[in-house]
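**Q** The following block contains the structure, expressed as C-alpha cells.
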Amino acid sequence: MGYLVDPKETIEILNKYRFVFQKRFGQNFLIDVHVLEKILRAADINKDDFVVEIGPGIGTMTQFLCENAREVVAVEIDKNLIPILEEDTLKGYDNLTIINEDILKLDLNKLVEERNGGKKIKVVANLPYYITTPIIMQLFEEHIPIENITVMVQQEVAERMQSGPGTKDYGALSLAVQYYAQPYIAAYVPQNCFMPRPNVSSAVIRLTLHEEKPVRVKDDRLMFSLIRASFNHRRKTLVNGLSADMGKFYTKDRILEALKKCGFKETVRGEELTLQQFAELSEAL
Ligand code: SAM
C-alpha cells in the first residue's frame with residue numbers, strides 16, 4: 001500500500017475497518033506529508049534511534065518512524081486501532097512493537113531498561129490535547145532516559161512552554177518544562193492538516209532534555225509548590241499569593257524576609273521571576 005499520509009489512503013483504511021473516531025481519545029489523524037517530515041527532522045530520527053511513539057492512530061507517522069529509526073515501540077490506547085495497525089498499515093515492519101495500553105499506565109522505565117539497555121530513547125507523539133501536560137510531566141518526573149520529546153500540541157500550549165518572564169503566556173507550565181528541557185517550536189500546523197479537523201491550531205515542539213538541570217535546588221517539589229502558588233494568584237503580589245496557598249507552612253513575615261534575602265521588592269509578582277529566581281527563593285525559604 002501507499003503511505004497513509006495521502007488522505008485517500010486514510011479514508012480507504014477508515015472505511016475498510018468501519019472505524020469510528022473516538023472523541024474521548026482525541027483522535028485527529030495527520031494527513032500532511034510536510035508536517036510528518038518536519039516532525040522527523042525536528043526529532044532528528046536516525047538508524048541508531050529507539051523511538052517510542054505515543055498514540056500511533058492508524059500508523060501514519062509510525063510508517064515513517066519504522067523506516068528511519070532502528071527500533072519503534074508504538075503505544076495506542078484504542079483497541080479498535082490495533083487490528084488496523086497489525087494486519088494492515090504496519091504489517092511487515094520487523095523493527096516495530098505495538099502495545100495496546102494507556103501511556104500513563106505503562107512502565108516506560110522498565111521498557112527502556114529491557115528493550116534498550118536503559119539507554120536514551122526519543123519520544124514522538126501527536127498528542128490528544130486534553131492529556132498533553134500530564135503525559136509530558138510524567139515523562140519528565142519519572143526520569144525516563146530520554147534524549148528528546150517531539151510532540152504536536154495545541155499551538156497555545158507550545159507557546160506557553162516556550163515563553164519567558166513578563167509575557168502573558170508565561171506560567172507554571174513554562175517553568176516546569178524549562179526546568180527539565182530546552183523547548184523549540186519546529187512548526188506551526190493549521191487545522192486542515194488533520195482528519196477530522198480539530199477546533200484549534202497546533203504546533204510541533206521539540207523538548208531536548210537537559211544533561212544537567214539549569215538550576216540547583218535541594219527540594220524541587222518546594223520550588224514547584226512556590227511556582228504553582230504564585231501563578232494560582234497571578235493578580236496578587238508574590239507575597240500575597242504565597243501566603244494564600246502556603247500560609248500553613250510559612251508566615252507572611254518569613255516570606256517577606258526570604259524575598260528581601262533574594263533582593264526582590266515587596267511588591268514583586270511571580271510572573272516577573274525567572275526559573276533561577278524561583279530556585280533562589282526556594283533555597284531562601
Ligand atoms: N499519531 C496519529 C497521527 O498523527 O495521525 C494519531 C494522533 S491522534 C491526535 C492521538 C492518538 O493517541 C489517537 O490514536 C488516540 O487513540 C491515542 N491516545 C489517546 N490517549 C492515549 C493514551 N492515554 N495512551 C496512548 N494512546 C492514546
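Just remember, in the C-alpha cells the first chain shown is A, the second B, etc., residues are 1-based per chain, and ligands are 1-based in the order shown.
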List all protein, DNA and RNA residues that have at least one atom no more than 8 Å from any atom of ligand 1, counting only C-alpha atoms and all ligand atoms, and write them as a PDB file with all heavy atoms, in the first residue's frame.

**A**
```pdb
ATOM      1  N   GLN A  22     -13.090   8.280  18.066  1.00  0.00           N
ATOM      2  CA  GLN A  22     -13.457   8.396  19.479  1.00  0.00           C
ATOM      3  C   GLN A  22     -13.007   9.755  19.983  1.00  0.00           C
ATOM      4  O   GLN A  22     -11.806   9.989  20.126  1.00  0.00           O
ATOM      5  CB  GLN A  22     -12.716   7.334  20.294  1.00  0.00           C
ATOM      6  CG  GLN A  22     -13.011   5.930  19.885  1.00  0.00           C
ATOM      7  CD  GLN A  22     -14.087   5.326  20.763  1.00  0.00           C
ATOM      8  OE1 GLN A  22     -14.635   5.992  21.654  1.00  0.00           O
ATOM      9  NE2 GLN A  22     -14.394   4.084  20.497  1.00  0.00           N
ATOM     10  N   ARG A  24     -13.216  10.877  22.919  1.00  0.00           N
ATOM     11  CA  ARG A  24     -12.561  10.821  24.233  1.00  0.00           C
ATOM     12  C   ARG A  24     -11.074  10.491  24.118  1.00  0.00           C
ATOM     13  O   ARG A  24     -10.323  10.661  25.066  1.00  0.00           O
ATOM     14  CB  ARG A  24     -13.279   9.820  25.148  1.00  0.00           C
ATOM     15  CG  ARG A  24     -13.097   8.380  24.734  1.00  0.00           C
ATOM     16  CD  ARG A  24     -14.071   7.477  25.466  1.00  0.00           C
ATOM     17  NE  ARG A  24     -14.164   6.207  24.780  1.00  0.00           N
ATOM     18  CZ  ARG A  24     -13.790   5.061  25.292  1.00  0.00           C
ATOM     19  NH1 ARG A  24     -13.268   5.008  26.504  1.00  0.00           N
ATOM     20  NH2 ARG A  24     -13.915   3.959  24.597  1.00  0.00           N
ATOM     21  N   PHE A  25     -10.630   9.978  22.975  1.00  0.00           N
ATOM     22  CA  PHE A  25      -9.207   9.694  22.798  1.00  0.00           C
ATOM     23  C   PHE A  25      -8.510  10.768  21.952  1.00  0.00           C
ATOM     24  O   PHE A  25      -7.360  10.613  21.563  1.00  0.00           O
ATOM     25  CB  PHE A  25      -8.999   8.330  22.133  1.00  0.00           C
ATOM     26  CG  PHE A  25      -9.406   7.158  22.988  1.00  0.00           C
ATOM     27  CD1 PHE A  25      -9.977   6.032  22.411  1.00  0.00           C
ATOM     28  CD2 PHE A  25      -9.197   7.169  24.364  1.00  0.00           C
ATOM     29  CE1 PHE A  25     -10.350   4.947  23.195  1.00  0.00           C
ATOM     30  CE2 PHE A  25      -9.571   6.088  25.155  1.00  0.00           C
ATOM     31  CZ  PHE A  25     -10.151   4.973  24.566  1.00  0.00           C
ATOM     32  N   GLY A  26      -9.209  11.846  21.659  1.00  0.00           N
ATOM     33  CA  GLY A  26      -8.591  12.964  20.935  1.00  0.00           C
ATOM     34  C   GLY A  26      -8.031  12.553  19.581  1.00  0.00           C
ATOM     35  O   GLY A  26      -6.879  12.859  19.264  1.00  0.00           O
ATOM     36  N   GLN A  27      -8.860  11.869  18.797  1.00  0.00           N
ATOM     37  CA  GLN A  27      -8.336  11.316  17.535  1.00  0.00           C
ATOM     38  C   GLN A  27      -8.460  12.275  16.352  1.00  0.00           C
ATOM     39  O   GLN A  27      -9.539  12.473  15.800  1.00  0.00           O
ATOM     40  CB  GLN A  27      -9.040   9.984  17.250  1.00  0.00           C
ATOM     41  CG  GLN A  27      -8.652   8.940  18.294  1.00  0.00           C
ATOM     42  CD  GLN A  27      -9.397   7.650  18.187  1.00  0.00           C
ATOM     43  OE1 GLN A  27     -10.516   7.603  17.675  1.00  0.00           O
ATOM     44  NE2 GLN A  27      -8.812   6.578  18.698  1.00  0.00           N
ATOM     45  N   ASN A  28      -7.341  12.853  15.963  1.00  0.00           N
ATOM     46  CA  ASN A  28      -7.247  13.680  14.751  1.00  0.00           C
ATOM     47  C   ASN A  28      -6.010  13.184  14.025  1.00  0.00           C
ATOM     48  O   ASN A  28      -4.895  13.367  14.502  1.00  0.00           O
ATOM     49  CB  ASN A  28      -7.081  15.161  15.106  1.00  0.00           C
ATOM     50  CG  ASN A  28      -8.232  15.682  15.950  1.00  0.00           C
ATOM     51  OD1 ASN A  28      -8.155  15.676  17.175  1.00  0.00           O
ATOM     52  ND2 ASN A  28      -9.296  16.101  15.310  1.00  0.00           N
ATOM     53  N   PHE A  29      -6.214  12.524  12.905  1.00  0.00           N
ATOM     54  CA  PHE A  29      -5.086  11.887  12.225  1.00  0.00           C
ATOM     55  C   PHE A  29      -4.436  12.844  11.227  1.00  0.00           C
ATOM     56  O   PHE A  29      -5.112  13.577  10.502  1.00  0.00           O
ATOM     57  CB  PHE A  29      -5.556  10.604  11.528  1.00  0.00           C
ATOM     58  CG  PHE A  29      -6.141   9.585  12.478  1.00  0.00           C
ATOM     59  CD1 PHE A  29      -7.107   8.678  12.063  1.00  0.00           C
ATOM     60  CD2 PHE A  29      -5.711   9.527  13.806  1.00  0.00           C
ATOM     61  CE1 PHE A  29      -7.642   7.737  12.942  1.00  0.00           C
ATOM     62  CE2 PHE A  29      -6.232   8.599  14.693  1.00  0.00           C
ATOM     63  CZ  PHE A  29      -7.211   7.703  14.265  1.00  0.00           C
ATOM     64  N   LEU A  30      -3.111  12.779  11.176  1.00  0.00           N
ATOM     65  CA  LEU A  30      -2.347  13.657  10.289  1.00  0.00           C
ATOM     66  C   LEU A  30      -2.504  13.221   8.838  1.00  0.00           C
ATOM     67  O   LEU A  30      -2.420  12.030   8.529  1.00  0.00           O
ATOM     68  CB  LEU A  30      -0.870  13.554  10.655  1.00  0.00           C
ATOM     69  CG  LEU A  30      -0.269  14.721  11.400  1.00  0.00           C
ATOM     70  CD1 LEU A  30       1.141  14.384  11.824  1.00  0.00           C
ATOM     71  CD2 LEU A  30      -0.286  15.990  10.572  1.00  0.00           C
ATOM     72  N   ILE A  31      -2.691  14.199   7.937  1.00  0.00           N
ATOM     73  CA  ILE A  31      -2.800  13.857   6.517  1.00  0.00           C
ATOM     74  C   ILE A  31      -1.908  14.765   5.668  1.00  0.00           C
ATOM     75  O   ILE A  31      -2.184  14.988   4.503  1.00  0.00           O
ATOM     76  CB  ILE A  31      -4.275  13.942   6.029  1.00  0.00           C
ATOM     77  CG1 ILE A  31      -4.894  15.280   6.466  1.00  0.00           C
ATOM     78  CG2 ILE A  31      -5.109  12.781   6.533  1.00  0.00           C
ATOM     79  CD1 ILE A  31      -6.209  15.604   5.766  1.00  0.00           C
ATOM     80  N   GLU A  53       6.569   5.893  20.151  1.00  0.00           N
ATOM     81  CA  GLU A  53       5.521   6.771  19.643  1.00  0.00           C
ATOM     82  C   GLU A  53       4.279   6.620  20.518  1.00  0.00           C
ATOM     83  O   GLU A  53       3.802   5.501  20.728  1.00  0.00           O
ATOM     84  CB  GLU A  53       5.154   6.453  18.189  1.00  0.00           C
ATOM     85  CG  GLU A  53       4.153   7.490  17.678  1.00  0.00           C
ATOM     86  CD  GLU A  53       3.500   7.192  16.334  1.00  0.00           C
ATOM     87  OE1 GLU A  53       3.702   6.097  15.782  1.00  0.00           O
ATOM     88  OE2 GLU A  53       2.764   8.064  15.848  1.00  0.00           O
ATOM     89  N   ILE A  54       3.764   7.740  20.984  1.00  0.00           N
ATOM     90  CA  ILE A  54       2.542   7.701  21.799  1.00  0.00           C
ATOM     91  C   ILE A  54       1.362   7.973  20.885  1.00  0.00           C
ATOM     92  O   ILE A  54       1.321   9.002  20.210  1.00  0.00           O
ATOM     93  CB  ILE A  54       2.588   8.760  22.919  1.00  0.00           C
ATOM     94  CG1 ILE A  54       3.855   8.582  23.764  1.00  0.00           C
ATOM     95  CG2 ILE A  54       1.340   8.665  23.792  1.00  0.00           C
ATOM     96  CD1 ILE A  54       4.105   9.737  24.730  1.00  0.00           C
ATOM     97  N   GLY A  55       0.408   7.034  20.834  1.00  0.00           N
ATOM     98  CA  GLY A  55      -0.809   7.217  20.039  1.00  0.00           C
ATOM     99  C   GLY A  55      -0.559   7.182  18.539  1.00  0.00           C
ATOM    100  O   GLY A  55      -0.656   8.203  17.862  1.00  0.00           O
ATOM    101  N   PRO A  56      -0.250   6.006  17.981  1.00  0.00           N
ATOM    102  CA  PRO A  56       0.025   5.928  16.537  1.00  0.00           C
ATOM    103  C   PRO A  56      -1.203   6.131  15.654  1.00  0.00           C
ATOM    104  O   PRO A  56      -1.043   6.372  14.452  1.00  0.00           O
ATOM    105  CB  PRO A  56       0.575   4.503  16.359  1.00  0.00           C
ATOM    106  CG  PRO A  56       0.036   3.724  17.512  1.00  0.00           C
ATOM    107  CD  PRO A  56      -0.053   4.695  18.649  1.00  0.00           C
ATOM    108  N   GLY A  57      -2.417   6.051  16.229  1.00  0.00           N
ATOM    109  CA  GLY A  57      -3.621   6.205  15.388  1.00  0.00           C
ATOM    110  C   GLY A  57      -3.686   5.066  14.389  1.00  0.00           C
ATOM    111  O   GLY A  57      -3.609   3.890  14.762  1.00  0.00           O
ATOM    112  N   ILE A  58      -3.787   5.399  13.096  1.00  0.00           N
ATOM    113  CA  ILE A  58      -3.787   4.329  12.088  1.00  0.00           C
ATOM    114  C   ILE A  58      -2.361   4.073  11.568  1.00  0.00           C
ATOM    115  O   ILE A  58      -2.168   3.318  10.624  1.00  0.00           O
ATOM    116  CB  ILE A  58      -4.745   4.630  10.914  1.00  0.00           C
ATOM    117  CG1 ILE A  58      -4.430   5.997  10.285  1.00  0.00           C
ATOM    118  CG2 ILE A  58      -6.204   4.552  11.360  1.00  0.00           C
ATOM    119  CD1 ILE A  58      -5.185   6.248   8.984  1.00  0.00           C
ATOM    120  N   GLY A  59      -1.379   4.710  12.178  1.00  0.00           N
ATOM    121  CA  GLY A  59       0.022   4.382  11.851  1.00  0.00           C
ATOM    122  C   GLY A  59       0.688   5.301  10.847  1.00  0.00           C
ATOM    123  O   GLY A  59       1.757   4.978  10.322  1.00  0.00           O
ATOM    124  N   THR A  60       0.103   6.455  10.613  1.00  0.00           N
ATOM    125  CA  THR A  60       0.626   7.375   9.590  1.00  0.00           C
ATOM    126  C   THR A  60       2.089   7.759   9.847  1.00  0.00           C
ATOM    127  O   THR A  60       2.950   7.610   8.985  1.00  0.00           O
ATOM    128  CB  THR A  60      -0.250   8.658   9.570  1.00  0.00           C
ATOM    129  OG1 THR A  60      -1.611   8.260   9.616  1.00  0.00           O
ATOM    130  CG2 THR A  60       0.015   9.482   8.343  1.00  0.00           C
ATOM    131  N   MET A  61       2.348   8.221  11.070  1.00  0.00           N
ATOM    132  CA  MET A  61       3.713   8.640  11.399  1.00  0.00           C
ATOM    133  C   MET A  61       4.583   7.420  11.679  1.00  0.00           C
ATOM    134  O   MET A  61       5.791   7.419  11.404  1.00  0.00           O
ATOM    135  CB  MET A  61       3.657   9.545  12.626  1.00  0.00           C
ATOM    136  CG  MET A  61       4.960  10.177  12.977  1.00  0.00           C
ATOM    137  SD  MET A  61       4.682  11.795  13.668  1.00  0.00           S
ATOM    138  CE  MET A  61       3.844  11.376  15.180  1.00  0.00           C
ATOM    139  N   THR A  62       3.943   6.369  12.189  1.00  0.00           N
ATOM    140  CA  THR A  62       4.694   5.155  12.556  1.00  0.00           C
ATOM    141  C   THR A  62       5.413   4.565  11.340  1.00  0.00           C
ATOM    142  O   THR A  62       6.532   4.076  11.450  1.00  0.00           O
ATOM    143  CB  THR A  62       3.720   4.107  13.149  1.00  0.00           C
ATOM    144  OG1 THR A  62       2.670   4.789  13.813  1.00  0.00           O
ATOM    145  CG2 THR A  62       4.431   3.170  14.100  1.00  0.00           C
ATOM    146  N   VAL A  75       2.587   2.936  21.277  1.00  0.00           N
ATOM    147  CA  VAL A  75       1.671   2.663  22.384  1.00  0.00           C
ATOM    148  C   VAL A  75       0.323   3.316  22.081  1.00  0.00           C
ATOM    149  O   VAL A  75       0.215   4.544  22.033  1.00  0.00           O
ATOM    150  CB  VAL A  75       2.244   3.240  23.710  1.00  0.00           C
ATOM    151  CG1 VAL A  75       1.335   2.877  24.873  1.00  0.00           C
ATOM    152  CG2 VAL A  75       3.661   2.740  23.944  1.00  0.00           C
ATOM    153  N   GLU A  76      -0.694   2.500  21.860  1.00  0.00           N
ATOM    154  CA  GLU A  76      -2.018   3.005  21.453  1.00  0.00           C
ATOM    155  C   GLU A  76      -3.080   2.518  22.427  1.00  0.00           C
ATOM    156  O   GLU A  76      -3.195   1.320  22.679  1.00  0.00           O
ATOM    157  CB  GLU A  76      -2.317   2.532  20.019  1.00  0.00           C
ATOM    158  CG  GLU A  76      -3.700   2.854  19.512  1.00  0.00           C
ATOM    159  CD  GLU A  76      -4.083   4.345  19.588  1.00  0.00           C
ATOM    160  OE1 GLU A  76      -3.424   5.162  18.942  1.00  0.00           O
ATOM    161  OE2 GLU A  76      -5.058   4.661  20.309  1.00  0.00           O
ATOM    162  N   ILE A  77      -3.887   3.444  22.915  1.00  0.00           N
ATOM    163  CA  ILE A  77      -4.915   3.106  23.917  1.00  0.00           C
ATOM    164  C   ILE A  77      -6.152   2.448  23.290  1.00  0.00           C
ATOM    165  O   ILE A  77      -6.814   1.624  23.919  1.00  0.00           O
ATOM    166  CB  ILE A  77      -5.321   4.381  24.704  1.00  0.00           C
ATOM    167  CG1 ILE A  77      -6.069   4.029  25.980  1.00  0.00           C
ATOM    168  CG2 ILE A  77      -6.157   5.328  23.851  1.00  0.00           C
ATOM    169  CD1 ILE A  77      -6.274   5.222  26.920  1.00  0.00           C
ATOM    170  N   ASP A  78      -6.466   2.809  22.045  1.00  0.00           N
ATOM    171  CA  ASP A  78      -7.738   2.379  21.447  1.00  0.00           C
ATOM    172  C   ASP A  78      -7.603   0.987  20.819  1.00  0.00           C
ATOM    173  O   ASP A  78      -6.924   0.830  19.800  1.00  0.00           O
ATOM    174  CB  ASP A  78      -8.148   3.416  20.387  1.00  0.00           C
ATOM    175  CG  ASP A  78      -9.526   3.133  19.810  1.00  0.00           C
ATOM    176  OD1 ASP A  78     -10.104   2.061  20.128  1.00  0.00           O
ATOM    177  OD2 ASP A  78     -10.022   3.978  19.029  1.00  0.00           O
ATOM    178  N   LEU A  81      -8.000   0.222  17.075  1.00  0.00           N
ATOM    179  CA  LEU A  81      -6.968   0.570  16.086  1.00  0.00           C
ATOM    180  C   LEU A  81      -5.931  -0.551  15.927  1.00  0.00           C
ATOM    181  O   LEU A  81      -5.216  -0.595  14.924  1.00  0.00           O
ATOM    182  CB  LEU A  81      -6.262   1.868  16.489  1.00  0.00           C
ATOM    183  CG  LEU A  81      -7.094   3.148  16.318  1.00  0.00           C
ATOM    184  CD1 LEU A  81      -6.464   4.316  17.063  1.00  0.00           C
ATOM    185  CD2 LEU A  81      -7.231   3.494  14.835  1.00  0.00           C
ATOM    186  N   ASN A 100      -0.948  -2.216  23.190  1.00  0.00           N
ATOM    187  CA  ASN A 100      -2.291  -1.658  23.405  1.00  0.00           C
ATOM    188  C   ASN A 100      -2.425  -1.285  24.881  1.00  0.00           C
ATOM    189  O   ASN A 100      -2.764  -2.111  25.712  1.00  0.00           O
ATOM    190  CB  ASN A 100      -3.345  -2.705  23.010  1.00  0.00           C
ATOM    191  CG  ASN A 100      -4.777  -2.186  23.156  1.00  0.00           C
ATOM    192  OD1 ASN A 100      -5.709  -2.977  23.277  1.00  0.00           O
ATOM    193  ND2 ASN A 100      -4.972  -0.890  23.143  1.00  0.00           N
ATOM    194  N   GLU A 101      -2.115  -0.021  25.201  1.00  0.00           N
ATOM    195  CA  GLU A 101      -2.091   0.395  26.612  1.00  0.00           C
ATOM    196  C   GLU A 101      -2.233   1.912  26.691  1.00  0.00           C
ATOM    197  O   GLU A 101      -1.945   2.636  25.725  1.00  0.00           O
ATOM    198  CB  GLU A 101      -0.760  -0.074  27.214  1.00  0.00           C
ATOM    199  CG  GLU A 101      -0.514   0.233  28.668  1.00  0.00           C
ATOM    200  CD  GLU A 101      -1.520  -0.377  29.624  1.00  0.00           C
ATOM    201  OE1 GLU A 101      -2.616   0.200  29.759  1.00  0.00           O
ATOM    202  OE2 GLU A 101      -1.192  -1.411  30.239  1.00  0.00           O
ATOM    203  N   ASP A 102      -2.668   2.365  27.843  1.00  0.00           N
ATOM    204  CA  ASP A 102      -2.695   3.793  28.141  1.00  0.00           C
ATOM    205  C   ASP A 102      -1.266   4.196  28.518  1.00  0.00           C
ATOM    206  O   ASP A 102      -0.692   3.616  29.444  1.00  0.00           O
ATOM    207  CB  ASP A 102      -3.657   3.995  29.331  1.00  0.00           C
ATOM    208  CG  ASP A 102      -3.736   5.440  29.783  1.00  0.00           C
ATOM    209  OD1 ASP A 102      -2.880   6.237  29.378  1.00  0.00           O
ATOM    210  OD2 ASP A 102      -4.661   5.742  30.560  1.00  0.00           O
ATOM    211  N   ILE A 103      -0.705   5.171  27.844  1.00  0.00           N
ATOM    212  CA  ILE A 103       0.699   5.547  28.092  1.00  0.00           C
ATOM    213  C   ILE A 103       0.906   5.938  29.558  1.00  0.00           C
ATOM    214  O   ILE A 103       1.987   5.730  30.118  1.00  0.00           O
ATOM    215  CB  ILE A 103       1.167   6.691  27.142  1.00  0.00           C
ATOM    216  CG1 ILE A 103       2.682   6.932  27.250  1.00  0.00           C
ATOM    217  CG2 ILE A 103       0.404   7.979  27.388  1.00  0.00           C
ATOM    218  CD1 ILE A 103       3.549   5.853  26.741  1.00  0.00           C
ATOM    219  N   LEU A 104      -0.143   6.476  30.189  1.00  0.00           N
ATOM    220  CA  LEU A 104       0.005   6.906  31.577  1.00  0.00           C
ATOM    221  C   LEU A 104       0.110   5.715  32.535  1.00  0.00           C
ATOM    222  O   LEU A 104       0.487   5.860  33.689  1.00  0.00           O
ATOM    223  CB  LEU A 104      -1.157   7.812  31.995  1.00  0.00           C
ATOM    224  CG  LEU A 104      -1.185   9.182  31.295  1.00  0.00           C
ATOM    225  CD1 LEU A 104      -2.470   9.926  31.580  1.00  0.00           C
ATOM    226  CD2 LEU A 104       0.011  10.030  31.715  1.00  0.00           C
ATOM    227  N   ALA A 125       5.182  12.100  19.319  1.00  0.00           N
ATOM    228  CA  ALA A 125       3.738  11.939  19.512  1.00  0.00           C
ATOM    229  C   ALA A 125       2.950  13.098  18.924  1.00  0.00           C
ATOM    230  O   ALA A 125       3.428  14.230  18.893  1.00  0.00           O
ATOM    231  CB  ALA A 125       3.420  11.843  21.001  1.00  0.00           C
ATOM    232  N   ASN A 126       1.788  12.748  18.420  1.00  0.00           N
ATOM    233  CA  ASN A 126       0.787  13.740  18.083  1.00  0.00           C
ATOM    234  C   ASN A 126      -0.256  13.551  19.170  1.00  0.00           C
ATOM    235  O   ASN A 126      -1.055  12.639  19.105  1.00  0.00           O
ATOM    236  CB  ASN A 126       0.264  13.425  16.675  1.00  0.00           C
ATOM    237  CG  ASN A 126      -0.944  14.248  16.296  1.00  0.00           C
ATOM    238  OD1 ASN A 126      -1.346  15.161  17.000  1.00  0.00           O
ATOM    239  ND2 ASN A 126      -1.544  13.891  15.172  1.00  0.00           N
ATOM    240  N   LEU A 127      -0.164  14.361  20.204  1.00  0.00           N
ATOM    241  CA  LEU A 127      -0.886  14.050  21.438  1.00  0.00           C
ATOM    242  C   LEU A 127      -2.338  14.498  21.452  1.00  0.00           C
ATOM    243  O   LEU A 127      -2.668  15.540  20.882  1.00  0.00           O
ATOM    244  CB  LEU A 127      -0.190  14.723  22.622  1.00  0.00           C
ATOM    245  CG  LEU A 127       1.151  14.164  23.056  1.00  0.00           C
ATOM    246  CD1 LEU A 127       1.678  14.961  24.243  1.00  0.00           C
ATOM    247  CD2 LEU A 127       1.037  12.703  23.433  1.00  0.00           C
ATOM    248  N   PRO A 128      -3.175  13.708  22.141  1.00  0.00           N
ATOM    249  CA  PRO A 128      -4.526  14.197  22.395  1.00  0.00           C
ATOM    250  C   PRO A 128      -4.410  15.403  23.320  1.00  0.00           C
ATOM    251  O   PRO A 128      -3.681  15.352  24.312  1.00  0.00           O
ATOM    252  CB  PRO A 128      -5.197  13.038  23.131  1.00  0.00           C
ATOM    253  CG  PRO A 128      -4.241  11.905  23.137  1.00  0.00           C
ATOM    254  CD  PRO A 128      -2.896  12.402  22.766  1.00  0.00           C
ATOM    255  N   TYR A 129      -5.062  16.511  22.955  1.00  0.00           N
ATOM    256  CA  TYR A 129      -4.803  17.764  23.649  1.00  0.00           C
ATOM    257  C   TYR A 129      -5.116  17.743  25.135  1.00  0.00           C
ATOM    258  O   TYR A 129      -4.410  18.361  25.913  1.00  0.00           O
ATOM    259  CB  TYR A 129      -5.558  18.898  22.942  1.00  0.00           C
ATOM    260  CG  TYR A 129      -5.010  19.120  21.560  1.00  0.00           C
ATOM    261  CD1 TYR A 129      -5.816  19.525  20.501  1.00  0.00           C
ATOM    262  CD2 TYR A 129      -3.660  18.896  21.307  1.00  0.00           C
ATOM    263  CE1 TYR A 129      -5.285  19.705  19.238  1.00  0.00           C
ATOM    264  CE2 TYR A 129      -3.132  19.078  20.043  1.00  0.00           C
ATOM    265  CZ  TYR A 129      -3.938  19.482  19.015  1.00  0.00           C
ATOM    266  OH  TYR A 129      -3.408  19.652  17.770  1.00  0.00           O
ATOM    267  N   ILE A 131      -4.673  15.524  27.329  1.00  0.00           N
ATOM    268  CA  ILE A 131      -3.707  14.915  28.259  1.00  0.00           C
ATOM    269  C   ILE A 131      -2.248  15.258  27.927  1.00  0.00           C
ATOM    270  O   ILE A 131      -1.325  14.610  28.409  1.00  0.00           O
ATOM    271  CB  ILE A 131      -3.861  13.383  28.402  1.00  0.00           C
ATOM    272  CG1 ILE A 131      -3.959  12.699  27.048  1.00  0.00           C
ATOM    273  CG2 ILE A 131      -4.991  13.013  29.308  1.00  0.00           C
ATOM    274  CD1 ILE A 131      -3.760  11.190  27.173  1.00  0.00           C
ATOM    275  N   ILE A 135       0.949  13.847  30.291  1.00  0.00           N
ATOM    276  CA  ILE A 135       1.877  12.909  29.649  1.00  0.00           C
ATOM    277  C   ILE A 135       3.302  13.459  29.701  1.00  0.00           C
ATOM    278  O   ILE A 135       4.239  12.776  30.109  1.00  0.00           O
ATOM    279  CB  ILE A 135       1.469  12.605  28.184  1.00  0.00           C
ATOM    280  CG1 ILE A 135       0.187  11.783  28.153  1.00  0.00           C
ATOM    281  CG2 ILE A 135       2.585  11.863  27.442  1.00  0.00           C
ATOM    282  CD1 ILE A 135      -0.317  11.438  26.760  1.00  0.00           C
ATOM    283  N   PHE A 194      -5.236  17.784   9.394  1.00  0.00           N
ATOM    284  CA  PHE A 194      -5.738  16.645  10.155  1.00  0.00           C
ATOM    285  C   PHE A 194      -7.100  16.192   9.649  1.00  0.00           C
ATOM    286  O   PHE A 194      -7.859  16.975   9.086  1.00  0.00           O
ATOM    287  CB  PHE A 194      -5.922  17.032  11.634  1.00  0.00           C
ATOM    288  CG  PHE A 194      -4.686  17.516  12.312  1.00  0.00           C
ATOM    289  CD1 PHE A 194      -4.361  18.863  12.331  1.00  0.00           C
ATOM    290  CD2 PHE A 194      -3.839  16.621  12.948  1.00  0.00           C
ATOM    291  CE1 PHE A 194      -3.221  19.320  12.971  1.00  0.00           C
ATOM    292  CE2 PHE A 194      -2.694  17.065  13.590  1.00  0.00           C
ATOM    293  CZ  PHE A 194      -2.389  18.412  13.595  1.00  0.00           C
TER     294      PHE A 194
END
```

**Q** Please return as a ChimeraX atom specification: the residues of region 75-240 of chain A that backbone DSSP assigns to alpha helix (DSSP H).

**A** /A:82-84,108-116,132-141,155-162,172-180,220-232,238-240

**Q** Might you pull out every residue within 10 Å of Thr237 (chain A), with only C-alpha atoms counted and same-chain residues fewer than 6 positions away left off, and present them as a ChimeraX atom specification?

**A** /A:230,243,266-271

**Q** Give me, as a compact mmCIF listing (two decimals) with C-alpha atoms, in the first residue's frame, all polymer residues having an atom no more than 12 Å from Gly118 (chain A), counting only C-alpha atoms and skipping those fewer than 5 positions away in the same chain.

**A**
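After the write, part23.txt holds the following:
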```
# COMPACT_ATOMS: atom_id res chain seq x y z
CA PHE A 50 14.98 3.67 19.70
CA LEU A 108 8.34 3.15 30.44
CA ASN A 109 11.46 2.92 32.61
CA LYS A 110 11.11 -0.87 32.62
CA LEU A 111 10.51 -0.93 28.87
CA VAL A 112 13.59 1.19 28.17
CA GLU A 113 15.68 -0.97 30.51
CA HIS A 143 13.21 10.29 35.00
CA ILE A 144 12.94 8.12 31.92
CA PRO A 145 16.18 8.19 29.90
CA ILE A 146 15.07 10.44 27.04
```
